[in-house]
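Structure, as structure tokens:
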Amino acid sequence: MNTSSTHNLSLEELDKRFFFHPATSISDHLANGPKIMDHSKGVRVTDTKGSTLIDGAAGLWCVNVGHGRQEIVDAITKQAEKMAFYHSFTSISNEPAIRLAERVVGMAPDGISRVYFGNSGSDANDTNIKLVYYYNNMRGLPRKKKIISRDRAYHGSSFGSACLTGLPINHEKFDLPLPGFLHTHSVDQYREKPDGMSEEDFATHLANELETMILAEGPETCAAFIAEPLMGTGGVLVPPKGYFPKMQAVLDKYDMLMIADEVICGFGRTGQMFGSDTFEIRPDIMTMAKGLSSGYQPISASGISEKVWQVLEDTAHTMPGFGHGYTYSAHPICAAAALANLEILERENLTQNAAVQGAYLKKRLNEELGGLDYVGDIRGEGLMIGVEIVADRKTKAPIDPAAKFAGRVMKEGYNNGIICRALPHRDVIAMSPPFVITTAEVDEYVAGLAQSIRNVADECARNNLMNAA
Ligand SMILES: Cc1ncc(COP(=O)(O)O)c(C=O)c1O
């Protein structure tokens with residue numbers, strides 16, 4: 001294609017002309033154009049128009065150690081100069097990947113003993129689906145393949161991981177999910193736990209539902225259950241007390257694997273190293289990405305328990321090889337970036353800071369927003385917080401989706417110095433700032449967010465848009 005006629009176009013116009021954006025409304029984008037980010041430092045990111053914002057989303061829940069860390073940049077440069085790439089197929093290896101595998105196993109919950117590297121959370125979950133199939137084929141259980149996920153889960157956008165995802169936007173018009181991928185209820189305590197029911201009883205109810213589904217499907221066909229310890233994109237949903245131990249008791253009963261998707265929670269976000277630590281999960285397989293490198297390089301990892309590994313090892317002689325791999329699995333530059341990132345995370349005790357600042361952020365949000373008629377719920381753990389906006393606090397009726405309340409808040413945030421995220425289901429506004437955020441920055445952030453929410457509520461009220469769905 002001849003692009004010589006476009007040389008006079010601005011960056012915004014070039015973007016609209018050539019760049020097909022992920023997870024973006026095509027019509028909105030063509031009408032409004034992009035917001036072009038230019039540089040970033042600490043908890044702040046600056047766009048090409050010179051507007052500097054507190055990055056309350058840490059990119060996409062990932063820049064955990066903060067922006068502009070020279071130590072990681074240096075590790076990337078050093079490795080690029082030494083050897084930018086070599087693959088890891090057919091027993092070839094490289095030092096950063098070996099050291100990273102050892103470090104991740106050392107940090108991971110008990111039982112995780114091997115690490116398989118990929119490039120994104122989505123491809124790691126595809127690896128995990130294939131591992132589940134492979135594991136049961138090797139155990140002589142070829143019918144045991146169904147994987148149960150949850151409504152509103154987000155496990156990625158690739159073909160397999162999108163089947164695990166439980167959000168309509170990721171399924172509609174893509175003909176997903178494929179057969180063999182089931183979804184049980186999520187853990188929406190705000191909307192689905194009946195008034196007066198204890199968290200423990202709600203957890204028992206959800207575990208009973210899981211068991212009913214397994215029995216209806218036939219336990220001999222059910223292979224695994226996958227869950228985010230604290231559900232992110234689906235609405236920042238905190239599991240009720242005792243949920244995972246109860247769910248795992250059911251899985252154990254029917255010889256099913258537990259896959260903990262730690263893509264957001266992993267490496268400190270919930271205030272402990274893994275969401276599995278915070279919510280008492282014993283993962284057989286674990287998905288890690290985002291916080292593994294704080295987004296400085298694309299890298300993911302599947303943590304595999306000794307229980308699963310032993311089957312692979314014991315049966316390996318029956319196969320010519322393990323026929324699954326990505327060219328950039330264990331990429332040396334990505335591994336070097338991840339090692340430098342984990343070094344910072346541990347040395348600076350940032351997981352602890354996520355716990356402390358997360359509690360402070362929740363407190364400040366409650367003080368600023370808790371009394372507003374249209375703020376239904378403020379929830380989360382560590383630096384993973386969601387605010388749910390409703391039309392009526394008493395009935396919990398959501399606002400008519402046509403008002404796009406949360407989406408408006410996200411845009412209004414740009415005028416008030418902050419970035420937050422509008423989640424795809426109902427009006428939930430998510431916050432997940434970098435762990436280096438200070439108390440003063442939390443105050444500044446909450447002021448900007450509260451102003452944005454109030455402005456949008458006023459605007460919607462003026463235009464008669466605060467009605468129940
Ligand atoms: C829990 C979870 N799993 C998987 C993914 C997919 O990761 P990626 O976007 O790196 O493919 C995400 C992304 O947000 C996620 O939140």
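Labels for the structure tokens follow display order: chains A, B, ..., residues from 1 in each chain, ligands from 1.
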
Exercise answer, 7 Å around ligand 1 with only C-alpha atoms and all ligand atoms, as a ChimeraX atom specification: /A:60,120-123,125,154-157,228,232-233,261-264,289-290

Exercise: Val409 of chain A partners within 7 Å, only C-alpha atoms, chain neighbours under 6 positions left out, as JSON, numbers by chain: {"A": [452, 453, 456]}

All helix (DSSP H, G or I) residues (DSSP, backbone) inside segment 183-223 of chain A, as a PyMOL selection string: chain A and resi 189-192+199-217+219-221

Contact residues around Asp373 of chain A with only C-alpha atoms at 9 Å, ignoring same-chain residues under 3 positions, as a VMD selection string: chain A and resid 370 376 390 to 394

Of the listed residues A:Glu306, A:Pro398, A:Arg364, A:Thr315, that which approaches Gly140 of chain A most closely, counting only C-alpha atoms: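 Nearest candidate to Gly140 of chain A out of A:Glu306, A:Pro398, A:Arg364, A:Thr315: A:Thr315.
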
Contacts of segment 435-446 of chain A at 8 Å (only C-alpha atoms; same-chain gap of 6+ positions) as a PyMOL selection string: chain A and resi 42-43+54+56+64-66+269+350-351+353-354+357+360-361+364-365+368+383+417-418

Write the selection just made, keeping C-alpha atoms, as a tab-separated table (two decimals), in the first residue's frame?
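Writing done, so here's out.tsv:
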chain	number	residue	atom	x	y	z
A	42	GLY	CA	6.76	6.67	39.36
A	43	VAL	CA	2.95	6.67	39.59
A	54	ILE	CA	-1.79	9.55	38.37
A	56	GLY	CA	-4.43	4.52	39.11
A	64	ASN	CA	3.49	-2.70	40.04
A	65	VAL	CA	6.97	-1.35	40.84
A	66	GLY	CA	6.10	1.96	39.19
A	269	ARG	CA	-1.34	-6.91	44.46
A	350	LEU	CA	6.43	-3.34	47.99
A	351	THR	CA	3.92	-6.09	48.76
A	353	ASN	CA	3.24	-1.18	50.84
A	354	ALA	CA	0.40	-2.52	48.68
A	357	GLN	CA	-1.67	1.89	50.90
A	360	TYR	CA	-5.60	3.63	53.22
A	361	LEU	CA	-7.09	3.98	49.72
A	364	ARG	CA	-10.26	7.40	51.92
A	365	LEU	CA	-12.72	6.21	49.26
A	368	GLU	CA	-15.13	10.68	50.24
A	383	LEU	CA	-4.27	-2.30	45.88
A	417	GLY	CA	-5.46	14.37	36.88
A	418	ILE	CA	-6.23	10.67	37.34

Length of the atom CA of Phe405 of chain A to atom CA of Gly386 of chain A vector [Å]: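 Going from atom CA of Phe405 of chain A over to atom CA of Gly386 of chain A covers 14.2 Å.
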
Contact residues around Ser25 of chain A with only C-alpha atoms at 12 Å, ignoring same-chain residues under 5 positions, as a PyMOL selection string: chain A and resi 20+30-34+169+407+424

Among the residues of segment 25-158 of chain A, find those DSSP assigns to strand (DSSP E or B) from the backbone and print them as a PDB file with N, CA and C atoms, in the first residue's frame.
ATOM      1  N   MET A  37      -0.145   8.239  24.960  1.00  0.00           N
ATOM      2  CA  MET A  37       0.743   8.350  26.123  1.00  0.00           C
ATOM      3  C   MET A  37       2.178   8.513  25.642  1.00  0.00           C
ATOM      4  N   ASP A  38       2.934   9.305  26.383  1.00  0.00           N
ATOM      5  CA  ASP A  38       4.263   9.647  25.883  1.00  0.00           C
ATOM      6  C   ASP A  38       5.386   9.238  26.830  1.00  0.00           C
ATOM      7  N   HIS A  39       5.285   9.606  28.101  1.00  0.00           N
ATOM      8  CA  HIS A  39       6.332   9.214  29.040  1.00  0.00           C
ATOM      9  C   HIS A  39       5.753   9.055  30.433  1.00  0.00           C
ATOM     10  N   SER A  40       6.525   8.356  31.290  1.00  0.00           N
ATOM     11  CA  SER A  40       5.962   8.015  32.604  1.00  0.00           C
ATOM     12  C   SER A  40       7.082   7.890  33.635  1.00  0.00           C
ATOM     13  N   LYS A  41       6.741   8.174  34.869  1.00  0.00           N
ATOM     14  CA  LYS A  41       7.715   8.087  35.968  1.00  0.00           C
ATOM     15  C   LYS A  41       6.957   7.870  37.274  1.00  0.00           C
ATOM     16  N   GLY A  42       7.404   6.922  38.069  1.00  0.00           N
ATOM     17  CA  GLY A  42       6.760   6.669  39.363  1.00  0.00           C
ATOM     18  C   GLY A  42       5.310   6.245  39.172  1.00  0.00           C
ATOM     19  N   ARG A  44       3.093   8.294  37.769  1.00  0.00           N
ATOM     20  CA  ARG A  44       2.466   9.233  36.818  1.00  0.00           C
ATOM     21  C   ARG A  44       2.827   8.928  35.377  1.00  0.00           C
ATOM     22  N   VAL A  45       1.872   9.242  34.502  1.00  0.00           N
ATOM     23  CA  VAL A  45       2.079   9.066  33.065  1.00  0.00           C
ATOM     24  C   VAL A  45       1.622  10.349  32.378  1.00  0.00           C
ATOM     25  N   THR A  46       2.366  10.753  31.348  1.00  0.00           N
ATOM     26  CA  THR A  46       2.094  12.029  30.669  1.00  0.00           C
ATOM     27  C   THR A  46       1.767  11.775  29.211  1.00  0.00           C
ATOM     28  N   ASP A  47       0.737  12.442  28.711  1.00  0.00           N
ATOM     29  CA  ASP A  47       0.361  12.224  27.304  1.00  0.00           C
ATOM     30  C   ASP A  47       1.035  13.263  26.399  1.00  0.00           C
ATOM     31  N   THR A  52      -0.397  15.366  32.708  1.00  0.00           N
ATOM     32  CA  THR A  52       0.187  14.327  33.563  1.00  0.00           C
ATOM     33  C   THR A  52      -0.876  13.804  34.523  1.00  0.00           C
ATOM     34  N   LEU A  53      -1.006  12.474  34.579  1.00  0.00           N
ATOM     35  CA  LEU A  53      -2.082  11.833  35.336  1.00  0.00           C
ATOM     36  C   LEU A  53      -1.519  10.808  36.311  1.00  0.00           C
ATOM     37  N   ILE A  54      -2.179  10.662  37.473  1.00  0.00           N
ATOM     38  CA  ILE A  54      -1.792   9.552  38.367  1.00  0.00           C
ATOM     39  C   ILE A  54      -2.357   8.271  37.769  1.00  0.00           C
ATOM     40  N   ASP A  55      -1.471   7.329  37.531  1.00  0.00           N
ATOM     41  CA  ASP A  55      -1.858   6.095  36.846  1.00  0.00           C
ATOM     42  C   ASP A  55      -2.476   5.118  37.848  1.00  0.00           C
ATOM     43  N   HIS A  67       6.555   3.280  37.247  1.00  0.00           N
ATOM     44  CA  HIS A  67       7.125   3.575  35.925  1.00  0.00           C
ATOM     45  C   HIS A  67       8.567   4.078  36.053  1.00  0.00           C
ATOM     46  N   ILE A 112       4.194 -25.783  44.082  1.00  0.00           N
ATOM     47  CA  ILE A 112       4.567 -25.380  42.712  1.00  0.00           C
ATOM     48  C   ILE A 112       6.062 -25.672  42.540  1.00  0.00           C
ATOM     49  N   SER A 113       6.394 -26.472  41.524  1.00  0.00           N
ATOM     50  CA  SER A 113       7.791 -26.907  41.444  1.00  0.00           C
ATOM     51  C   SER A 113       8.445 -26.681  40.078  1.00  0.00           C
ATOM     52  N   ARG A 114       7.682 -26.317  39.055  1.00  0.00           N
ATOM     53  CA  ARG A 114       8.256 -26.060  37.725  1.00  0.00           C
ATOM     54  C   ARG A 114       7.584 -24.839  37.125  1.00  0.00           C
ATOM     55  N   VAL A 115       8.279 -24.213  36.185  1.00  0.00           N
ATOM     56  CA  VAL A 115       7.718 -23.024  35.543  1.00  0.00           C
ATOM     57  C   VAL A 115       7.851 -23.157  34.031  1.00  0.00           C
ATOM     58  N   TYR A 116       6.752 -22.894  33.342  1.00  0.00           N
ATOM     59  CA  TYR A 116       6.721 -22.889  31.877  1.00  0.00           C
ATOM     60  C   TYR A 116       6.481 -21.453  31.434  1.00  0.00           C
ATOM     61  N   PHE A 117       7.381 -20.885  30.636  1.00  0.00           N
ATOM     62  CA  PHE A 117       7.260 -19.468  30.292  1.00  0.00           C
ATOM     63  C   PHE A 117       6.506 -19.217  28.987  1.00  0.00           C
ATOM     64  N   GLY A 118       5.752 -18.121  28.972  1.00  0.00           N
ATOM     65  CA  GLY A 118       5.084 -17.637  27.760  1.00  0.00           C
ATOM     66  C   GLY A 118       5.227 -16.134  27.672  1.00  0.00           C
ATOM     67  N   LYS A 146     -13.424 -31.413  30.687  1.00  0.00           N
ATOM     68  CA  LYS A 146     -14.176 -30.164  30.843  1.00  0.00           C
ATOM     69  C   LYS A 146     -13.505 -29.256  31.884  1.00  0.00           C
ATOM     70  N   ILE A 147     -13.503 -27.978  31.578  1.00  0.00           N
ATOM     71  CA  ILE A 147     -12.936 -27.016  32.527  1.00  0.00           C
ATOM     72  C   ILE A 147     -14.045 -26.060  32.964  1.00  0.00           C
ATOM     73  N   ILE A 148     -14.167 -25.922  34.266  1.00  0.00           N
ATOM     74  CA  ILE A 148     -15.204 -25.036  34.803  1.00  0.00           C
ATOM     75  C   ILE A 148     -14.569 -23.716  35.239  1.00  0.00           C
ATOM     76  N   SER A 149     -15.121 -22.649  34.703  1.00  0.00           N
ATOM     77  CA  SER A 149     -14.699 -21.306  35.080  1.00  0.00           C
ATOM     78  C   SER A 149     -15.893 -20.620  35.749  1.00  0.00           C
ATOM     79  N   ARG A 150     -15.885 -19.295  35.802  1.00  0.00           N
ATOM     80  CA  ARG A 150     -17.001 -18.615  36.465  1.00  0.00           C
ATOM     81  C   ARG A 150     -17.551 -17.492  35.591  1.00  0.00           C
TER      82      ARG A 150
END

From A:Ala101, A:Ala223, A:Met384, A:Ile281, residue lying nearest Gly358 of chain A [only C-alpha atoms]: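 Among the listed residues, the smallest separation from Gly358 of chain A belongs to A:Met384.
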
Long-range neighbours of Ser294 of chain A as a PyMOL selection string, 12 Å cut-off, only C-alpha atoms, 3 positions minimum in chain: chain A and resi 58-69+72-73+263-264+266-269+288-291+297-300+334-335+337-345+433-435

Selected residue, from A:Pro142, A:Gly106, A:Pro179, A:Gly275, that lies nearest to Gly160 of chain A when counting only C-alpha atoms: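 The answer is A:Pro179, which sits nearest to Gly160 of chain A.
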
Atomic distance atom CA of Met273 of chain A - atom CA of Ser186 of chain A, expressed in Å with one decimal: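 It comes out at 23.3 Å.
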
Coordinates-based distance that separates atom CA of Asn416 of chain A from atom CA of Asn463 of chain A (Å, one decimal):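 That distance, rounded to one decimal, is 21.4 Å.
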
Residue with smallest distance to Phe244 of chain A - pool A:Arg139, A:Arg282, A:Lys307, A:Lys144, counting only C-alpha atoms: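 For Phe244 of chain A, the nearest of the given residues is A:Arg282.
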